[in-house]
Amino acid sequence: MVRYTIEELLQLKPSEALTPNFDAVEFRAMIEKVKHLQALKEEEFGHFGHFNRRRSSHHHGKPKVKHTKPKVTIDSDGWSTFEANKKGSGDEEEQEKPARESAPQPTIAQETIKVKPNNKNISSTKPADAKDIVADKPIQSFNAFAALESEEEDDE
Amino acid sequence: MSVEEVSQKVQEVQINDGATKTTVLSDQSNFEVKHPLNTKWTLWYTKPAIDKSESWSDLLRPVTSFQTVEEFWAIVQNIPEPHGLPLKSDYHVFRNDIRPEWEDEANAKGGKWSYQVRIKSADINELWLRTLLAVIGETIDEDDSQINGVVLNVRKGGYKFALWTKSEDKEPLCNIGARFKQVLKIGDDEKIEFFPHSDANGKHHQPTITL
């Protein structure tokens with residue numbers, strides 16, 4: 001058996017590069033092309049890698065949830081009205097049901113609940129507008145009880 | 001037979017022939033006589049998959065073969081060194097026409113000595129060259145031709161060297177493993193492992209020898 005030690009083989013190494021028995025230029029070009037494509041992939045998908053890509057919710061930050069701002073309309077007297085957001089199609093039916101049930105209630109009571117004074121004294125005990133509060137009170141109490149009592153008397 | 005003995009024999013043949021033939025020792029570029037190796041060797045390359053449709057058979061291809069020391073150097077001088085290879089590449093140098101697959105008849109009853117270099121600063125190019133020289137020079141296996149080939153895997157975690165053998169016989173394998181550690185300059189604190197190919201399909205592929 002022919003044997004050569006590592007040192008002997010190193011002695012036989014020519015100082016000048018010899019011509020190999022295959023197309024080394026094509027081989028090196030293929031390897032360079034692979035390296036180039038790998039670099040492009042790395043650049044495109046970053047350090048997460050293409051195949052290890054996670055859902056957007058798995059990133060460190062909080063998921064982006066878009067909240068629409070509540071719509072508030074202000075009338076000519078300075079009263080602001082809050083309008084609740086309309087829900088999606090699935091919730092529409094559920095939303096409609098309580099609306100129908102509350103329909104027989106007096107419309108005046110609904111208006112007084114919705115209305116809020118747009119005043120800098122909102123957190124104080126001082127009435128925002130003395131005239132309006134005085135005007136609301138007798139209307140609310142009068143309409144509710146007077147109407148019920150009068151109907152009962154008629155039936156009897 | 002040493003390199004001096006081979007060169008001397010060549011010179012004797014030249015004297016008998018009555019002609020003066022040059023070797024690489026006397027003329028680096030215009031030599032006529034080459035130093036023969038014990039057997040033919042084939043260099044294989046595994047190209048990293050770029051497209052998912054590429055199969056293993058598409059990626060593993062023989063590059064060239066060599067039978068002399070001069071042909072070996074001509075190849076080594078013209079191919080990228082391990083540091084120049086892209087990730088997931090493999091170099092394989094196997095004897096004759098043995099395919100670098102454990103399914104090959106010559107490999108089926110054997111296994112591989114394996115060692116992974118995790119330190120990036122290690123001189124991988126030098127270690128790979130030393131391994132190649134020890135294998136083709138047949139000095140890593142003094143008793144018998146147990147060696148079928150040698151493999152280098154370029155991976156993200158490091159470079160993996162593997163010495164493929166044709167059998168699982170413990171005694172000759174331990175001698176080869178000890179020399180493999182010397183070639184790779186591995187200290188006593190580090191271990192190399194032998195994995196038989198018969199367990200290659202198993203889920204828990206465990207080494208049968210650790211050295």
# chains A, B, ... in the order shown; residues from 1 in each chain; ligands from 1
$ interface_residues --of "chain A" --to "chain B" --cutoff "7 Å" --atoms "only C-alpha atoms" --output "list in words"
Met1, Val2, Arg3, Tyr4, Thr5, Ile6, Glu8, Leu9, Leu12, Lys13, Pro14, Ser15, Ala17, Leu18, Thr19, Pro20, Phe22, Ala24, Arg28, Val34 and Lys35 of chain A
$ residues_around --residues "B:Gln182" --least-positions-apart "3" --cutoff "12 Å" --atoms "only C-alpha atoms" --output "short mmCIF file (atom, residue, chain, number, x, y, z; two decimals) with N, CA, C and O atoms, in the first residue's frame"
data_model
loop_
_atom_site.label_atom_id
_atom_site.label_comp_id
_atom_site.auth_asym_id
_atom_site.auth_seq_id
_atom_site.Cartn_x
_atom_site.Cartn_y
_atom_site.Cartn_z
N ILE A 6 1.46 13.42 6.29
CA ILE A 6 0.97 14.78 6.03
C ILE A 6 2.13 15.67 5.59
O ILE A 6 2.01 16.45 4.63
N LEU B 127 -7.44 22.49 9.46
CA LEU B 127 -7.89 21.20 10.00
C LEU B 127 -8.48 20.31 8.91
O LEU B 127 -8.27 19.10 8.88
N ARG B 130 -5.55 19.01 6.78
CA ARG B 130 -4.84 17.95 7.52
C ARG B 130 -5.63 16.63 7.46
O ARG B 130 -5.05 15.56 7.29
N THR B 131 -6.96 16.74 7.61
CA THR B 131 -7.80 15.53 7.57
C THR B 131 -7.72 14.89 6.19
O THR B 131 -7.57 13.66 6.07
N ALA B 134 -4.35 13.19 5.70
CA ALA B 134 -4.24 11.95 6.49
C ALA B 134 -5.06 10.82 5.86
O ALA B 134 -4.66 9.65 5.93
N THR B 139 -2.51 7.41 6.19
CA THR B 139 -1.79 7.31 7.46
C THR B 139 -2.73 7.30 8.67
O THR B 139 -2.29 7.04 9.78
N ILE B 140 -3.99 7.62 8.44
CA ILE B 140 -4.95 7.62 9.56
C ILE B 140 -5.41 6.19 9.86
O ILE B 140 -5.99 5.92 10.89
N ASN B 175 -8.37 2.73 17.17
CA ASN B 175 -7.06 3.20 16.67
C ASN B 175 -7.24 4.37 15.70
O ASN B 175 -6.52 5.37 15.77
N ILE B 176 -8.23 4.23 14.82
CA ILE B 176 -8.51 5.30 13.83
C ILE B 176 -8.96 6.56 14.56
O ILE B 176 -8.51 7.67 14.26
N GLY B 177 -9.85 6.37 15.56
CA GLY B 177 -10.38 7.52 16.31
C GLY B 177 -9.27 8.28 17.03
O GLY B 177 -9.27 9.52 17.04
N ALA B 178 -8.32 7.54 17.59
CA ALA B 178 -7.20 8.18 18.31
C ALA B 178 -6.36 9.02 17.35
O ALA B 178 -5.95 10.15 17.68
N ARG B 179 -6.13 8.48 16.14
CA ARG B 179 -5.34 9.25 15.14
C ARG B 179 -6.14 10.44 14.61
O ARG B 179 -5.59 11.50 14.32
N LYS B 185 -6.15 17.90 16.13
CA LYS B 185 -5.53 18.61 17.26
C LYS B 185 -6.51 18.75 18.43
O LYS B 185 -6.65 19.83 19.01
N ILE B 186 -7.21 17.66 18.72
CA ILE B 186 -8.19 17.68 19.81
C ILE B 186 -7.51 17.22 21.10
O ILE B 186 -6.82 16.19 21.12
N GLY B 187 -7.71 17.96 22.17
CA GLY B 187 -7.14 17.62 23.47
C GLY B 187 -7.92 16.52 24.16
O GLY B 187 -8.96 16.07 23.68
N ASP B 188 -7.40 16.07 25.32
CA ASP B 188 -8.05 14.98 26.07
C ASP B 188 -9.38 15.40 26.66
O ASP B 188 -10.23 14.56 26.97
N GLU B 190 -11.69 17.02 25.16
CA GLU B 190 -12.76 16.97 24.15
C GLU B 190 -12.92 15.55 23.62
O GLU B 190 -11.96 14.79 23.58
N LYS B 191 -14.16 15.23 23.22
CA LYS B 191 -14.48 13.87 22.79
C LYS B 191 -14.94 13.83 21.34
O LYS B 191 -15.57 14.77 20.85
N ILE B 192 -14.63 12.70 20.69
CA ILE B 192 -15.23 12.42 19.38
C ILE B 192 -16.15 11.22 19.57
O ILE B 192 -15.96 10.43 20.48
N LEU B 211 -14.58 8.70 22.41
CA LEU B 211 -13.14 8.65 22.64
C LEU B 211 -12.62 10.04 23.03
O LEU B 211 -12.92 11.01 22.35
#
$ residues_around --residues "B:Glu101" --least-positions-apart "3" --cutoff "12 Å" --atoms "only C-alpha atoms" --output "count of residues only"
29
$ residues_around --residues "A:Thr73" --least-positions-apart "4" --cutoff "8 Å" --atoms "only C-alpha atoms" --output "list in words"
Ser80, Thr81, Phe82 and Glu83 of chain A
$ atom_distance --atom1 "atom CA of A:Gln11" --atom2 "atom CA of B:Lys181"
22.8 Å
$ select_by_dssp --residues "stretch 53-162 of chain B" --states "helix (DSSP H, G or I)" --output "PyMOL selection string"
chain B and resi 56-59+69-76+82-84+105-108+124-136
$ atom_distance --atom1 "atom CA of A:Asp23" --atom2 "atom CA of A:Gln38"
23.3 Å
